[in-house]
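See below for entry-v6.cif, which holds mmCIF, C-alpha atoms.
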```cif
data_data
loop_
_atom_site.label_atom_id
_atom_site.label_comp_id
_atom_site.auth_asym_id
_atom_site.auth_seq_id
_atom_site.Cartn_x
_atom_site.Cartn_y
_atom_site.Cartn_z
CA MET V 1 0.00 0.00 0.00
CA VAL V 2 2.81 2.39 0.89
CA ARG V 3 4.61 1.65 -2.40
CA ARG V 4 1.38 2.25 -4.40
CA ALA V 5 0.77 5.58 -2.66
CA ALA V 6 4.34 6.70 -3.27
CA ALA V 7 4.04 5.79 -6.96
CA ALA V 8 0.85 7.81 -7.26
CA VAL V 9 2.54 10.84 -5.72
CA LEU V 10 5.50 10.51 -8.15
CA VAL V 11 3.20 10.28 -11.21
CA ALA V 12 1.29 13.39 -10.12
CA ALA V 13 4.54 15.32 -9.63
CA VAL V 14 5.86 14.32 -13.07
CA CYS V 15 2.59 15.30 -14.78
CA GLY V 16 2.67 18.67 -13.05
CA TRP V 17 6.26 19.27 -14.19
CA LEU V 18 5.42 18.28 -17.79
CA SER V 19 2.51 20.73 -17.82
CA THR V 20 4.95 23.58 -17.23
CA LEU V 21 6.75 22.67 -20.48
CA ALA V 22 3.63 22.93 -22.64
CA PRO V 23 3.62 26.03 -24.95
CA ASP V 24 1.68 28.97 -23.56
CA GLY V 25 0.87 26.89 -20.49
CA GLY V 26 1.03 29.94 -18.30
CA ALA V 27 -1.21 31.92 -20.61
CA ALA V 28 -3.70 29.05 -20.82
CA ARG V 29 -3.87 28.73 -17.05
CA LEU V 30 -4.27 32.50 -16.65
CA ALA V 31 -7.02 32.57 -19.25
CA ALA V 32 -8.74 29.64 -17.61
CA ALA V 33 -8.55 31.38 -14.29
CA LYS V 34 -10.26 34.40 -15.88
CA GLY V 35 -12.85 32.21 -17.56
CA LYS V 36 -11.81 32.78 -21.18
CA ALA V 37 -9.49 31.23 -23.76
CA PRO V 38 -6.27 33.03 -24.87
CA GLY V 39 -6.73 35.13 -28.02
CA PRO V 40 -4.30 35.65 -30.93
CA LYS V 41 -1.41 38.05 -30.44
CA SER V 42 -2.13 41.54 -31.88
CA GLU V 43 0.33 42.92 -34.44
CA ALA V 44 0.89 46.61 -35.26
CA PRO V 45 -0.31 47.49 -38.79
CA GLU V 46 2.46 48.02 -41.30
CA PRO V 47 2.86 51.67 -42.37
CA LYS V 48 1.59 52.46 -45.84
CA PRO V 49 4.37 53.26 -48.32
CA GLU V 50 4.66 56.85 -49.49
CA PRO V 51 3.27 57.34 -53.01
CA PRO V 52 6.00 57.95 -55.60
CA PRO V 53 6.45 61.56 -56.72
CA PRO V 54 4.80 62.45 -60.02
CA PRO V 55 7.07 62.21 -63.06
CA PRO V 56 8.54 65.48 -64.36
CA PRO V 57 6.74 67.09 -67.30
CA ASP V 58 7.71 66.42 -70.89
CA CYS V 59 9.49 69.67 -71.64
CA THR V 60 9.31 69.07 -75.38
CA GLN V 61 5.59 69.73 -75.00
CA ALA V 62 5.09 71.74 -71.79
CA LYS V 63 6.16 75.35 -71.19
CA CYS V 64 9.11 74.48 -68.99
CA LEU V 65 11.43 76.99 -67.38
CA ALA V 66 14.45 76.28 -65.16
CA LEU V 67 15.10 78.68 -62.31
CA THR V 68 18.76 78.58 -61.25
CA PHE V 69 20.48 80.27 -58.32
CA ASP V 70 24.21 80.97 -58.14
CA ASP V 71 26.82 81.70 -55.46
CA GLY V 72 25.14 80.29 -52.35
CA PRO V 73 24.41 78.95 -49.94
CA ALA V 74 23.95 82.16 -48.00
CA GLU V 75 21.81 83.32 -45.11
CA SER V 76 19.08 84.37 -47.55
CA THR V 77 18.98 80.87 -49.08
CA GLY V 78 16.78 79.69 -46.22
CA GLU V 79 14.17 82.35 -47.04
CA LEU V 80 14.27 81.31 -50.69
CA LEU V 81 13.74 77.64 -49.81
CA ASP V 82 10.61 78.61 -47.86
CA ILE V 83 9.28 80.56 -50.84
CA LEU V 84 9.89 77.72 -53.29
CA ALA V 85 8.33 75.17 -50.93
CA SER V 86 5.20 77.29 -50.54
CA ARG V 87 4.72 77.17 -54.32
CA ASN V 88 5.93 73.60 -54.88
CA VAL V 89 8.69 74.80 -57.21
CA LYS V 90 11.94 72.92 -57.77
CA ALA V 91 15.10 74.76 -58.85
CA THR V 92 18.80 74.19 -59.47
CA PHE V 93 21.41 75.64 -57.12
CA PHE V 94 24.94 76.23 -58.39
CA LEU V 95 26.93 76.29 -55.17
CA VAL V 96 30.26 77.94 -54.49
CA GLY V 97 32.36 75.28 -52.75
CA GLU V 98 33.71 77.41 -49.91
CA ASN V 99 30.16 78.55 -49.09
CA ALA V 100 28.92 74.97 -49.14
CA ALA V 101 31.70 74.02 -46.73
CA LYS V 102 30.69 76.86 -44.38
CA ARG V 103 26.94 76.08 -44.48
CA PRO V 104 26.51 72.31 -44.87
CA ASP V 105 23.14 72.52 -43.11
CA LEU V 106 21.72 74.61 -45.95
CA VAL V 107 23.21 72.25 -48.53
CA ARG V 108 21.46 69.32 -46.84
CA ARG V 109 18.21 71.25 -46.55
CA THR V 110 18.29 72.22 -50.23
CA HIS V 111 18.84 68.63 -51.28
CA ALA V 112 16.18 67.29 -48.89
CA ALA V 113 13.64 69.71 -50.41
CA GLY V 114 14.14 68.08 -53.82
CA HIS V 115 16.22 70.77 -55.50
CA GLU V 116 19.17 70.01 -57.74
CA LEU V 117 22.69 70.69 -56.44
CA ALA V 118 25.37 71.77 -58.90
CA ASP V 119 28.97 73.04 -59.01
CA HIS V 120 29.99 76.71 -59.33
CA GLY V 121 33.69 76.37 -58.48
CA TYR V 122 35.25 76.56 -55.03
CA THR V 123 36.30 80.23 -55.00
CA HIS V 124 34.27 81.56 -57.97
CA ALA V 125 37.46 81.66 -60.07
CA ASP V 126 37.42 82.37 -63.82
CA LEU V 127 37.67 78.78 -65.06
CA GLY V 128 37.77 79.80 -68.72
CA ARG V 129 41.17 81.39 -68.15
CA ALA V 130 42.45 78.93 -65.54
CA SER V 131 45.07 76.24 -65.88
CA LYS V 132 44.12 72.57 -65.87
CA LYS V 133 45.47 72.22 -62.33
CA THR V 134 43.34 75.11 -61.07
CA ILE V 135 40.23 73.83 -62.84
CA VAL V 136 40.58 70.36 -61.35
CA SER V 137 41.16 71.81 -57.88
CA GLU V 138 38.19 74.19 -58.07
CA LEU V 139 35.79 71.50 -59.26
CA THR V 140 37.04 68.65 -57.10
CA ARG V 141 36.97 70.64 -53.86
CA THR V 142 33.44 71.83 -54.61
CA GLN V 143 32.31 68.30 -55.39
CA ASP V 144 33.77 67.13 -52.10
CA ALA V 145 32.09 69.89 -50.08
CA ILE V 146 28.68 69.19 -51.60
CA ARG V 147 29.04 65.41 -51.28
CA ASN V 148 30.18 65.66 -47.65
CA ALA V 149 27.12 67.75 -46.80
CA SER V 150 24.46 65.95 -48.81
CA GLY V 151 25.78 62.63 -50.11
CA VAL V 152 25.26 63.88 -53.67
CA THR V 153 27.98 64.38 -56.28
CA PRO V 154 26.90 67.07 -58.80
CA VAL V 155 27.02 66.38 -62.52
CA LEU V 156 26.39 69.98 -63.61
CA LEU V 157 28.77 72.94 -63.65
CA ARG V 158 28.08 76.60 -64.22
CA PRO V 159 31.39 78.29 -65.00
CA PRO V 160 31.65 81.54 -63.01
CA TYR V 161 31.02 84.58 -65.24
CA GLY V 162 29.96 82.15 -67.99
CA SER V 163 33.65 81.89 -68.86
CA THR V 164 34.53 78.63 -70.59
CA SER V 165 37.23 77.20 -72.84
CA GLU V 166 38.30 74.08 -74.70
CA ARG V 167 40.45 73.17 -71.72
CA LEU V 168 37.45 73.41 -69.39
CA ALA V 169 35.39 71.33 -71.80
CA ARG V 170 38.02 68.58 -71.76
CA VAL V 171 38.26 68.54 -67.96
CA THR V 172 34.49 68.49 -67.44
CA ARG V 173 34.11 65.77 -70.05
CA ARG V 174 36.57 63.62 -68.15
CA MET V 175 34.87 64.42 -64.81
CA GLY V 176 31.41 63.62 -66.19
CA MET V 177 30.02 67.15 -65.86
CA ALA V 178 27.93 69.16 -68.32
CA GLN V 179 28.28 72.96 -68.50
CA VAL V 180 25.11 75.00 -67.95
CA LEU V 181 24.79 78.64 -69.04
CA TRP V 182 21.55 80.65 -69.35
CA THR V 183 19.07 82.50 -71.56
CA VAL V 184 17.61 84.98 -69.04
CA ASP V 185 19.84 87.36 -67.06
CA PRO V 186 18.15 90.18 -65.12
CA PHE V 187 21.54 91.47 -63.89
CA ASP V 188 20.28 91.08 -60.34
CA TRP V 189 23.85 91.30 -59.03
CA ARG V 190 24.05 94.86 -60.39
CA ASN V 191 20.46 96.10 -60.16
CA ARG V 192 19.46 95.47 -56.54
CA ASP V 193 15.86 96.36 -57.27
CA THR V 194 13.26 93.68 -56.60
CA ASP V 195 10.63 95.09 -58.98
CA ASP V 196 13.16 95.53 -61.78
CA ILE V 197 14.41 91.95 -61.40
CA GLU V 198 10.85 90.64 -61.55
CA ARG V 199 10.01 92.64 -64.68
CA ARG V 200 13.14 91.58 -66.52
CA VAL V 201 12.68 87.87 -65.84
CA VAL V 202 9.00 87.83 -66.78
CA LYS V 203 9.71 89.78 -69.98
CA GLN V 204 12.64 87.63 -71.11
CA ALA V 205 11.25 84.20 -70.19
CA LYS V 206 10.46 81.72 -72.95
CA PRO V 207 9.74 77.99 -73.05
CA GLY V 208 12.87 75.89 -72.61
CA GLY V 209 14.80 78.76 -71.03
CA ILE V 210 17.21 78.89 -68.11
CA VAL V 211 16.97 81.84 -65.69
CA LEU V 212 20.11 83.10 -63.95
CA LEU V 213 19.54 84.46 -60.43
CA HIS V 214 21.62 84.86 -57.27
CA ASP V 215 20.24 83.74 -53.92
CA ILE V 216 22.97 85.65 -52.07
CA HIS V 217 20.95 88.86 -52.66
CA ARG V 218 17.76 89.41 -50.66
CA THR V 219 16.47 91.74 -53.39
CA THR V 220 16.53 88.72 -55.73
CA VAL V 221 14.96 86.34 -53.24
CA ARG V 222 12.08 88.75 -52.67
CA ALA V 223 11.41 88.94 -56.41
CA VAL V 224 10.87 85.18 -56.67
CA PRO V 225 7.23 84.99 -55.45
CA GLU V 226 5.98 87.41 -58.13
CA ILE V 227 8.21 85.83 -60.79
CA VAL V 228 6.76 82.40 -60.08
CA ASP V 229 3.17 83.56 -59.75
CA ARG V 230 3.18 85.67 -62.91
CA LEU V 231 4.87 83.04 -65.05
CA ALA V 232 2.69 80.25 -63.68
CA ALA V 233 -0.33 82.32 -64.70
CA LYS V 234 1.11 82.28 -68.24
CA GLY V 235 1.23 78.47 -68.20
CA TYR V 236 4.87 77.91 -67.28
CA VAL V 237 5.97 74.93 -65.22
CA PHE V 238 9.20 75.07 -63.24
CA VAL V 239 11.76 72.28 -63.47
CA THR V 240 15.37 71.58 -62.59
CA VAL V 241 18.01 71.82 -65.31
CA SER V 242 18.30 68.04 -65.55
CA GLU V 243 14.51 67.74 -65.87
CA LEU V 244 14.49 70.40 -68.59
CA PHE V 245 16.73 68.22 -70.74
CA GLY V 246 15.05 64.96 -69.83
CA GLY V 247 18.00 63.88 -67.70
CA LYS V 248 20.21 63.57 -70.78
CA LEU V 249 23.10 66.00 -70.65
CA THR V 250 26.45 65.21 -72.27
CA PRO V 251 29.57 65.77 -70.11
CA GLY V 252 31.69 68.66 -71.39
CA LYS V 253 28.92 70.09 -73.57
CA GLU V 254 27.47 73.58 -73.03
CA TYR V 255 23.72 73.98 -72.50
CA ARG V 256 21.86 77.31 -72.71
CA GLU V 257 18.26 76.31 -73.43
CA LEU V 258 16.11 73.44 -74.62
CA GLU V 259 15.45 73.79 -78.32
CA SER V 260 12.84 71.21 -79.18
CA GLY V 261 11.03 72.54 -82.20
CA ALA V 262 7.95 74.64 -82.93
CA GLY V 263 5.66 72.42 -80.86
CA GLN V 264 7.30 73.25 -77.57
CA GLY V 265 5.09 74.88 -75.00
CA HIS V 266 1.81 73.82 -76.60
CA PRO V 267 -0.56 71.15 -75.24
#
```
Go through the file and emit its structure as structure tokens.
Amino acid sequence: MVRRAAAAVLVAAVCGWLSTLAPDGGAARLAAAKGKAPGPKSEAPEPKPEPPPPPPPDCTQAKCLALTFDDGPAESTGELLDILASRNVKATFFLVGENAAKRPDLVRRTHAAGHELADHGYTHADLGRASKKTIVSELTRTQDAIRNASGVTPVLLRPPYGSTSERLARVTRRMGMAQVLWTVDPFDWRNRDTDDIERRVVKQAKPGGIVLLHDIHRTTVRAVPEIVDRLAAKGYVFVTVSELFGGKLTPGKEYRELESGAGQGHP
């Protein structure tokens, strides 16, 4: 009798120990104690992916215009970025390398806002008259400053003063950079008059054109809202330089405007 009782106690102890090894045993016992069965584990819903941005317009058909800003970043660049964001306008910024190195926060902000970053030399030197060594130094240091701030390596160059040469063409061809000039110049660096800058740009604008402006001047920055609003009312859409040319620019070549035939700018 004693042996049978001891065996019964041993079997009960083993069964109790095995029950602790069953999956979710604790949860099942807790649920049973509360009078309900354990439910499935809840999972957080997966976040919905952001919709892709709309494709850029076909500038062989639309009235495209590229706004470009030279010599920054400067303190007034932040004000300009706010203006462009409020109107959903994208532009191209030709940065001076030493300014980019001093204000990497503005370089990052410009890139994050969807604008195009481009090279304008490190010290704004006359690259058309410069030696090969100077050209390479000016462009390479600017590329480094922009890349260190934003992670982007520019593929566009605007030679300071619009000064170019065969030597510069050879260097930019080897570095994979196209040269970008302009069709509209309101001389905003000379005429520090907001109304005059606005009038000149609106008057000179044409489909496929590139507008030269300088975001280092507040008089220029304050002309941008009226420039955008008046030209948008005329049916213009604003694009980056790369978008203007459909993303197909040849390294070393000079670009002043998109010439796409008589159909350009018509629906």
Shell around stretch 157-169 of chain V at 8 Å using only C-alpha atoms, local window under 4 positions removed, as a tab-separated table (two decimals) with C-alpha atoms, in the coordinates of the input:
```tsv
chain	number	residue	atom	x	y	z
V	94	PHE	CA	24.94	76.23	-58.39
V	118	ALA	CA	25.37	71.77	-58.90
V	119	ASP	CA	28.97	73.04	-59.01
V	120	HIS	CA	29.99	76.71	-59.33
V	121	GLY	CA	33.69	76.37	-58.48
V	124	HIS	CA	34.27	81.56	-57.97
V	125	ALA	CA	37.46	81.66	-60.07
V	126	ASP	CA	37.42	82.37	-63.82
V	127	LEU	CA	37.67	78.78	-65.06
V	128	GLY	CA	37.77	79.80	-68.72
V	129	ARG	CA	41.17	81.39	-68.15
V	132	LYS	CA	44.12	72.57	-65.87
V	135	ILE	CA	40.23	73.83	-62.84
V	173	ARG	CA	34.11	65.77	-70.05
V	177	MET	CA	30.02	67.15	-65.86
V	178	ALA	CA	27.93	69.16	-68.32
V	179	GLN	CA	28.28	72.96	-68.50
V	180	VAL	CA	25.11	75.00	-67.95
V	181	LEU	CA	24.79	78.64	-69.04
V	252	GLY	CA	31.69	68.66	-71.39
V	253	LYS	CA	28.92	70.09	-73.57
```
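For the set V:Leu95, V:Leu84, V:Leu212, V:Ala223, the residue with the smallest atom-to-atom gap to V:Glu257 is V:Leu212, counting all atoms listed in the file.
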Check: Using only C-alpha atoms, what residues lie at most 12 Å away from (23.9, 92.8, -56.5) (file coordinates), given as a PyMOL selection string?
Finding: chain V and resi 70-71+186-194+197+213-221
Next item on the list: Report the residues retrieved by the PyMOL selection byres ((chain V and resi 152-156) around 12) from the displayed file, expressed as a ChimeraX atom specification.
Entry: /V:68,92-95,97,107-108,110-112,114-121,139-151,157-159,172-181,240-242,247-255
Next item on the list: With a distance cut-off of 8 Å and only C-alpha atoms, select the neighbouring residues of stretch 200-208 of chain V, excluding the residue or stretch itself and same-chain residues fewer than 4 positions from it, and output the selection as a ChimeraX atom specification.
Entry: /V:59,62-66,184-186,196,227,230-231,236,244,257-259,264-265
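Between atom CA of V:Lys102 and atom CA of V:Thr123 the separation is 12.5 Å.
Across V:Pro45, V:Pro53, V:Gly209, V:Pro225, the tightest approach to V:Asp82 is made by V:Pro225 when counting all atoms listed in the file.
In this structure, atom CA of V:Arg222 sits 8.8 Å away from atom CA of V:Ile83.
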Note to self: One decimal, in Å: what's the spacing between atom CA of V:Arg109 and atom CA of V:Val224?
What the structure shows: 18.7 Å
Give the centre and edge lengths of an axis-aligned box, in Å to one decimal, that holds all listed atoms of stretch 46-53 of chain V with 3 Å on each side, as AutoDock Vina command-line options.
```
--center_x 4.0 --center_y 54.8 --center_z -49.0 --size_x 10.9 --size_y 19.5 --size_z 21.4
```
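Compared by their closest atoms to V:Thr77, and using all atoms listed in the file, the residues V:Asp105, V:Val89, V:Pro51, V:Pro57 rank with V:Asp105 nearest.
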